[in-house]
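Engineer: Let me begin by handing over the structure; questions about it come next.
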Amino acid sequence: MRLAARSRAEGGIFYGFGFALSGLRVFILIAIWQTLVEGGAEVATYSFVALATYTILAEVFAEPLAARTELRDTIWNGSIVGRTLQPVGLVGTYTAEAFGRWSLRFMTFGPIALGLGAATGHLMAPRSPLPVVLLSLVLAVTVGLAIEFIFGSIIIGTRSNVWVIEQLRGATAVLLSGQMIPLALLPWGLGDVLRWSPFASVASAPLTLYVGTSAAIGTLALQTFWAVTLWLIAGWAWARSRTRLSALGG
Amino acid sequence: MLALWRVHLFLDLIFVLRSPERAIVYIVSDGIIASSAVAGVVLLATRFESIGEWPASRILFLGAFGVLVDGVVASFFQFNVAFLSRRIGRGQLDHSLLQPQPLRQCLLTEGFAPLSGSGSVLTGIIGLSIAASGLGIVITPLWMTLLCVHVVAATAIAVSFSTIWATLAFWSPRGAEEVSSAAFDVVTGLKGFPLDRVGGALTVALLTVAPAGFVGWLPARVLTASEPSVEALVATPLAAVAFAGIAILCLRLGLRHYLRTGSWRYTDFGHRR
């Protein structure tokens, strides 16, 4: 974890851009929420502060909620082959590395965003017990990592273009998971359908629990269901695809 | 230039014909990825009918404009021409410098891939057509000219901003190898948002140091306004000239430095060793 965090910190300038993008997105979304709530106390069960809190937390926890590891890069550059030869579990290696990478954003962007949010009154206290929110966050990362390995298996098994699959996943997941826009704010009842999807268990679940717009027992039960189911699928898919793993390097 | 574009069009055609199924998947995926980036705000506006003074159709216009700009970048500046820091950082700029043609001609033609980049272009055009119809915009030759000018200007701003940062790779080839894509993300990642209520200082920032406002918001405001002011009409094209000028200046400074240091690609610590 420490190695991954340090290697990421070396790219300081990219971090600057990443933080700038996240910070600007928070400001712009909060301005949009302000516009929507104008004249009304709530919008789709969300108060203005709840929406602002949702947005700030979504950006602070963006990386754990997206649950990306180095899997795609190592498939692309072939170094996954070397990792399969190491006497440690692949899931453990990738997860530990990911936690190291995520920790940097959490320790740098996190305090600034949370501090500014609290100081300006845009961050509310959790509306569900904190242990429940933290448990939901752990389950969210568990589901997210299962999805990561299922997509890794698809890339290896179908020998598809890594970047096309990854970009497709990234682009659609942000929308389907409710990471940027709370699902309850989507039109045509889309949110009512999407909240049952595994993507919603990754981002929407802990965020809605924090701001108090979802019920704890139902949300945790759904997350647990997806965590168990998807890890069973991930194990099966990985076992089937690993024999098709090949790499060209140089 | 036209002859070189023809050559690159032929090469792009070969890419498509070599595996049409794969090319179709790539093009369709490109359209989905580009539209997903702006879909959130469009859906939000659809649910609430408007966001401030932006009705849903106008928000769709804003998003579609950004998608079209993405498509034009993908069609004219493929193969890391839009992300020049990768070429500089990896020592691949030498491949262009070796050719018997000016570097500017090389950079303006090498990335031409209109077929494989067509996914976002088509998605953007479809989105703009639906939005224009919803807004009751009368399509006249003058309006089409304005649209083309603004698309070209927005593209120039996005690519110039990426190139300005890319020149850092002349001084720090490895450290700044990915800086272009990070800079590009800042500009295009915010293209689908209406920026009217973000506040004066932030609006200025989004039109100068991180010119995302020129890649969607300001052109969409001008093109959907019934009687835009002259200042608003010329703002994006003038900004494009300014950003392109700064990019050229930075590129010249970087190349002057590069004349002394050269590429590290084939040294013991280079990209290919």
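As shown in the structure tokens, the chain order sets the letters A, B, ...; within each chain, residues go from 1, and ligands are also counted from 1 in the order they appear.
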Identify all chain B residues at most 7 Å from chain A by counting only C-alpha atoms; ligands do not count. Present them as a list in words.
Structural biologist: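 Using only C-alpha atoms, chain B residues at most 7 Å from chain A: Tyr26, Ser29, Ile33, Ser36, Ala37, Gly40, Leu43, Leu44, Thr46, Arg47, Ile51, Gly52, Gly175, Val179, Ala182, Ala183, Val186, Leu195, Arg197 and Val198 of chain B.
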Engineer: Would you kindly return, as a list in words, each protein, DNA or RNA residue with an atom no farther than 12 Å from any atom of Leu245 of chain A, considering only C-alpha atoms and excluding same-chain residues fewer than 5 positions away?
Structural biologist: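 In the requested format, the answer is Thr74, Ile75, Trp76, Gly78, Ser79, Ile80, Val81, Gly82, Thr84, Gly152, Ser153, Ile154, Ile155, Ile156, Gly157, Thr158, Arg159, Ser160, Trp238, Ala239 and Arg240 of chain A.
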Engineer: Write the residues of the preceding selection, restricted to all heavy atoms, as a compact mmCIF listing (two decimals), in the first residue's frame.
Structural biologist:
```txt
# COMPACT_ATOMS: atom_id res chain seq x y z
N THR A 74 -2.27 -3.52 -15.96
CA THR A 74 -1.37 -4.69 -16.02
C THR A 74 -1.80 -5.67 -17.12
O THR A 74 -0.97 -6.36 -17.67
CB THR A 74 -1.31 -5.41 -14.66
OG1 THR A 74 -2.63 -5.74 -14.24
CG2 THR A 74 -0.63 -4.56 -13.60
N ILE A 75 -3.12 -5.69 -17.43
CA ILE A 75 -3.55 -6.51 -18.58
C ILE A 75 -3.01 -5.87 -19.85
O ILE A 75 -2.50 -6.53 -20.75
CB ILE A 75 -5.10 -6.61 -18.64
CG1 ILE A 75 -5.62 -7.43 -17.47
CG2 ILE A 75 -5.54 -7.25 -19.95
CD1 ILE A 75 -7.15 -7.43 -17.35
N TRP A 76 -3.11 -4.53 -19.91
CA TRP A 76 -2.68 -3.81 -21.11
C TRP A 76 -1.17 -3.94 -21.35
O TRP A 76 -0.73 -4.22 -22.46
CB TRP A 76 -3.06 -2.33 -20.97
CG TRP A 76 -2.54 -1.46 -22.08
CD1 TRP A 76 -2.92 -1.49 -23.40
CD2 TRP A 76 -1.54 -0.46 -21.98
NE1 TRP A 76 -2.23 -0.56 -24.11
CE2 TRP A 76 -1.36 0.10 -23.27
CE3 TRP A 76 -0.77 0.05 -20.93
CZ2 TRP A 76 -0.45 1.11 -23.53
CZ3 TRP A 76 0.12 1.06 -21.20
CH2 TRP A 76 0.28 1.58 -22.48
N GLY A 78 0.87 -6.13 -19.94
CA GLY A 78 1.36 -7.50 -19.85
C GLY A 78 1.97 -7.88 -18.52
O GLY A 78 2.30 -9.05 -18.30
N SER A 79 2.12 -6.91 -17.62
CA SER A 79 2.79 -7.24 -16.36
C SER A 79 1.93 -8.11 -15.44
O SER A 79 2.40 -8.60 -14.42
CB SER A 79 3.21 -5.96 -15.62
OG SER A 79 2.09 -5.19 -15.31
N ILE A 80 0.69 -8.35 -15.84
CA ILE A 80 -0.17 -9.25 -15.07
C ILE A 80 0.42 -10.67 -15.05
O ILE A 80 0.25 -11.41 -14.09
CB ILE A 80 -1.62 -9.27 -15.64
CG1 ILE A 80 -2.54 -10.08 -14.70
CG2 ILE A 80 -1.67 -9.81 -17.05
CD1 ILE A 80 -4.00 -10.01 -15.05
N VAL A 81 1.15 -10.99 -16.12
CA VAL A 81 1.75 -12.33 -16.19
C VAL A 81 2.75 -12.51 -15.05
O VAL A 81 2.75 -13.54 -14.36
CB VAL A 81 2.45 -12.53 -17.56
CG1 VAL A 81 3.23 -13.83 -17.59
CG2 VAL A 81 1.42 -12.51 -18.67
N GLY A 82 3.57 -11.49 -14.82
CA GLY A 82 4.54 -11.55 -13.72
C GLY A 82 3.84 -11.68 -12.38
O GLY A 82 4.28 -12.41 -11.49
N THR A 84 0.96 -13.09 -11.75
CA THR A 84 0.38 -14.43 -11.52
C THR A 84 1.44 -15.40 -11.03
O THR A 84 1.11 -16.44 -10.47
CB THR A 84 -0.25 -14.99 -12.81
OG1 THR A 84 0.77 -15.03 -13.82
CG2 THR A 84 -1.41 -14.15 -13.29
N GLY A 152 -12.35 -7.53 -15.68
CA GLY A 152 -11.02 -8.03 -16.05
C GLY A 152 -11.14 -9.38 -16.76
O GLY A 152 -10.46 -9.62 -17.77
N SER A 153 -12.00 -10.24 -16.25
CA SER A 153 -12.21 -11.55 -16.86
C SER A 153 -12.79 -11.41 -18.26
O SER A 153 -12.40 -12.13 -19.18
CB SER A 153 -13.18 -12.39 -16.02
OG SER A 153 -12.74 -12.46 -14.70
N ILE A 154 -13.71 -10.45 -18.41
CA ILE A 154 -14.32 -10.24 -19.74
C ILE A 154 -13.25 -9.78 -20.74
O ILE A 154 -13.19 -10.26 -21.87
CB ILE A 154 -15.47 -9.19 -19.65
CG1 ILE A 154 -16.63 -9.76 -18.84
CG2 ILE A 154 -15.93 -8.76 -21.04
CD1 ILE A 154 -17.71 -8.74 -18.50
N ILE A 155 -12.39 -8.86 -20.28
CA ILE A 155 -11.35 -8.35 -21.19
C ILE A 155 -10.42 -9.49 -21.61
O ILE A 155 -10.09 -9.64 -22.79
CB ILE A 155 -10.54 -7.21 -20.50
CG1 ILE A 155 -11.41 -5.98 -20.31
CG2 ILE A 155 -9.30 -6.85 -21.31
CD1 ILE A 155 -10.83 -4.93 -19.38
N ILE A 156 -10.02 -10.29 -20.63
CA ILE A 156 -9.09 -11.40 -20.95
C ILE A 156 -9.81 -12.46 -21.77
O ILE A 156 -9.31 -12.93 -22.80
CB ILE A 156 -8.53 -12.02 -19.65
CG1 ILE A 156 -7.65 -11.01 -18.92
CG2 ILE A 156 -7.73 -13.28 -19.96
CD1 ILE A 156 -7.26 -11.43 -17.51
N GLY A 157 -11.02 -12.83 -21.32
CA GLY A 157 -11.75 -13.92 -21.98
C GLY A 157 -12.13 -13.61 -23.40
O GLY A 157 -12.05 -14.47 -24.28
N THR A 158 -12.54 -12.36 -23.65
CA THR A 158 -12.98 -12.01 -25.01
C THR A 158 -11.85 -11.39 -25.83
O THR A 158 -12.04 -11.11 -27.01
CB THR A 158 -14.15 -11.00 -24.97
OG1 THR A 158 -13.70 -9.83 -24.27
CG2 THR A 158 -15.35 -11.57 -24.25
N ARG A 159 -10.72 -11.16 -25.19
CA ARG A 159 -9.56 -10.51 -25.84
C ARG A 159 -9.97 -9.19 -26.50
O ARG A 159 -9.62 -8.90 -27.64
CB ARG A 159 -8.91 -11.45 -26.84
CG ARG A 159 -8.31 -12.64 -26.12
CD ARG A 159 -7.48 -13.51 -26.98
NE ARG A 159 -6.81 -14.50 -26.14
CZ ARG A 159 -6.21 -15.57 -26.58
NH1 ARG A 159 -6.17 -15.81 -27.87
NH2 ARG A 159 -5.63 -16.41 -25.76
N SER A 160 -10.78 -8.44 -25.75
CA SER A 160 -11.26 -7.15 -26.28
C SER A 160 -10.24 -6.06 -25.97
O SER A 160 -9.32 -6.26 -25.18
CB SER A 160 -12.58 -6.77 -25.62
OG SER A 160 -13.47 -7.84 -25.67
N TRP A 238 -13.12 -15.62 -13.51
CA TRP A 238 -11.65 -15.52 -13.49
C TRP A 238 -11.04 -16.89 -13.78
O TRP A 238 -10.08 -17.01 -14.55
CB TRP A 238 -11.19 -14.98 -12.14
CG TRP A 238 -9.75 -14.63 -12.14
CD1 TRP A 238 -8.72 -15.37 -11.64
CD2 TRP A 238 -9.16 -13.48 -12.72
NE1 TRP A 238 -7.53 -14.73 -11.85
CE2 TRP A 238 -7.76 -13.57 -12.52
CE3 TRP A 238 -9.67 -12.36 -13.40
CZ2 TRP A 238 -6.88 -12.60 -12.96
CZ3 TRP A 238 -8.78 -11.40 -13.84
CH2 TRP A 238 -7.41 -11.52 -13.62
N ALA A 239 -11.62 -17.94 -13.16
CA ALA A 239 -11.10 -19.30 -13.37
C ALA A 239 -11.22 -19.69 -14.83
O ALA A 239 -10.34 -20.37 -15.39
CB ALA A 239 -11.87 -20.28 -12.49
N ARG A 240 -12.28 -19.26 -15.48
CA ARG A 240 -12.48 -19.62 -16.90
C ARG A 240 -11.59 -18.81 -17.83
O ARG A 240 -11.14 -19.31 -18.87
CB ARG A 240 -13.94 -19.39 -17.29
CG ARG A 240 -14.85 -20.54 -16.85
CD ARG A 240 -16.26 -20.27 -17.33
NE ARG A 240 -16.35 -20.30 -18.78
CZ ARG A 240 -16.71 -21.37 -19.48
NH1 ARG A 240 -16.98 -22.50 -18.86
NH2 ARG A 240 -16.79 -21.31 -20.79
```
Engineer: As a compact mmCIF listing (two decimals) with C-alpha atoms, in the first residue's frame, list the residues of segment 2-198 of chain B assigned to strand (DSSP E or B) by DSSP on the backbone atoms of this structure.
Structural biologist:
```txt
# COMPACT_ATOMS: atom_id res chain seq x y z
CA SER B 50 -34.95 23.12 -16.72
CA ILE B 51 -31.88 24.07 -14.72
CA TRP B 54 -31.56 26.48 -19.25
CA PRO B 55 -34.57 24.42 -20.41
```
Engineer: Skip Thr224 of chain B itself and residues of its chain fewer than 2 positions away, then list as a PyMOL selection string all residues within 12 Å of it, counting only C-alpha atoms.
Structural biologist: chain B and resi 53-55+57-62+65+128+131-139+143+146-147+216-222+226-228+232-233
Engineer: At what distance in Å, to one decimal, does atom CA of Phe112 of chain B lie from atom CA of Ala169 of chain B?
Structural biologist: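 Atom-to-atom, atom CA of Ala169 of chain B to atom CA of Phe112 of chain B, that is 23.2 Å.
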Engineer: Within 7 Å of segment 189-194 of chain B, counting only C-alpha atoms, which residues show up once you throw out same-chain ones fewer than 4 positions away? Write them as number ranges by chain, please.
Structural biologist: B: 38, 41, 62-63, 66, 185, 212-213, 215-217
Engineer: Restricted to N, CA, C and O atoms, what would the selected residues look like written as a compact mmCIF listing (two decimals), in the first residue's frame?
Structural biologist:
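As written to disk, part.txt reads:
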```
# COMPACT_ATOMS: atom_id res chain seq x y z
N VAL B 38 -22.15 13.55 -20.64
CA VAL B 38 -23.06 14.69 -20.49
C VAL B 38 -24.49 14.25 -20.14
O VAL B 38 -25.36 15.09 -19.89
N VAL B 41 -26.39 15.46 -16.65
CA VAL B 41 -26.99 16.80 -16.58
C VAL B 41 -28.23 16.87 -17.47
O VAL B 41 -29.24 17.50 -17.12
N LEU B 62 -26.27 22.01 -25.23
CA LEU B 62 -24.97 22.22 -24.58
C LEU B 62 -24.16 20.91 -24.55
O LEU B 62 -22.98 20.88 -24.91
N GLY B 63 -24.82 19.83 -24.12
CA GLY B 63 -24.13 18.53 -24.04
C GLY B 63 -23.71 18.05 -25.42
O GLY B 63 -22.58 17.58 -25.62
N GLY B 66 -20.68 19.77 -26.80
CA GLY B 66 -19.46 19.23 -26.20
C GLY B 66 -19.07 17.88 -26.80
O GLY B 66 -17.89 17.61 -27.06
N ASP B 185 -8.72 16.50 -19.76
CA ASP B 185 -9.85 16.06 -18.94
C ASP B 185 -10.49 17.24 -18.21
O ASP B 185 -11.71 17.29 -18.06
N ALA B 212 -12.89 25.46 -19.69
CA ALA B 212 -13.98 24.52 -20.00
C ALA B 212 -15.21 25.26 -20.51
O ALA B 212 -15.99 24.71 -21.30
N GLY B 213 -15.38 26.51 -20.08
CA GLY B 213 -16.55 27.28 -20.49
C GLY B 213 -16.62 27.50 -21.99
O GLY B 213 -17.70 27.65 -22.56
N VAL B 215 -15.72 25.29 -24.20
CA VAL B 215 -15.93 24.01 -24.91
C VAL B 215 -17.40 23.60 -24.87
O VAL B 215 -17.78 22.58 -25.43
N GLY B 216 -18.23 24.36 -24.24
CA GLY B 216 -19.65 24.02 -24.20
C GLY B 216 -20.52 25.21 -23.86
O GLY B 216 -21.27 25.72 -24.69
N TRP B 217 -20.34 25.69 -22.66
CA TRP B 217 -21.28 26.67 -22.10
C TRP B 217 -21.42 27.94 -22.93
O TRP B 217 -22.52 28.29 -23.36
```
Engineer: Which is closer to Ser116 of chain B than all the others in B:Val72, B:Leu2, B:Leu223, B:Cys148, using only C-alpha atoms?
Structural biologist: B:Val72
Engineer: Of the residues A:Ile217, A:Leu209, A:Leu135, A:Leu230, which is the one nearest to Ser197 of chain A, using only C-alpha atoms?
Structural biologist: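 Among the listed residues, A:Leu230 lies closest to Ser197 of chain A.
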Engineer: Work out how far atom CA of Phe79 of chain B is from atom CA of Gln92 of chain B, in Å to one decimal.
Structural biologist: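 That distance, rounded to one decimal, is 11.2 Å.
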Engineer: Can you pull out every residue within 12 Å of Ser204 of chain A, counting only C-alpha atoms, but drop anything in the same chain fewer than 5 positions away, and send it as a PyMOL selection string?
Structural biologist: chain A and resi 54-55+57-58+61-62+65-66+133+136-137+139-141+144+173-185+191+194-199+209-214+219-220+222-223
Engineer: Segment 247-249 of chain B: which residues within 9 Å, counting only C-alpha atoms, same-chain residues fewer than 3 positions away excluded, as a PyMOL selection string?
Structural biologist: chain B and resi 159-165+167+242-244+252-254
Engineer: As an exercise, work out the distance from atom CA of Ala118 of chain A to atom CA of Thr53 of chain A in Å and give it to one decimal place.
Structural biologist: 9.3 Å
Engineer: Go through segment 38-148 of chain B and collect every residue that DSSP, computed from the backbone, puts in alpha helix (DSSP H); the answer should be as a PyMOL selection string.
Structural biologist: chain B and resi 38-48+56-76+84-89+93-97+103-109+118-135+141-148
Engineer: I'd like to know which of B:Ile246, B:Leu202, B:Leu115, B:Ala166 is closest to Gly23 of chain A, using only C-alpha atoms.
Structural biologist: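 Of B:Ile246, B:Leu202, B:Leu115, B:Ala166, the one nearest Gly23 of chain A is B:Leu202, counting only C-alpha atoms.
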Engineer: For a quick check of understanding, using only C-alpha atoms, which of A:Pro126, A:Asp73, A:Leu85, A:Val37 has the smallest distance to Trp163 of chain A?
Structural biologist: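 For Trp163 of chain A, the nearest of the candidates is A:Asp73.
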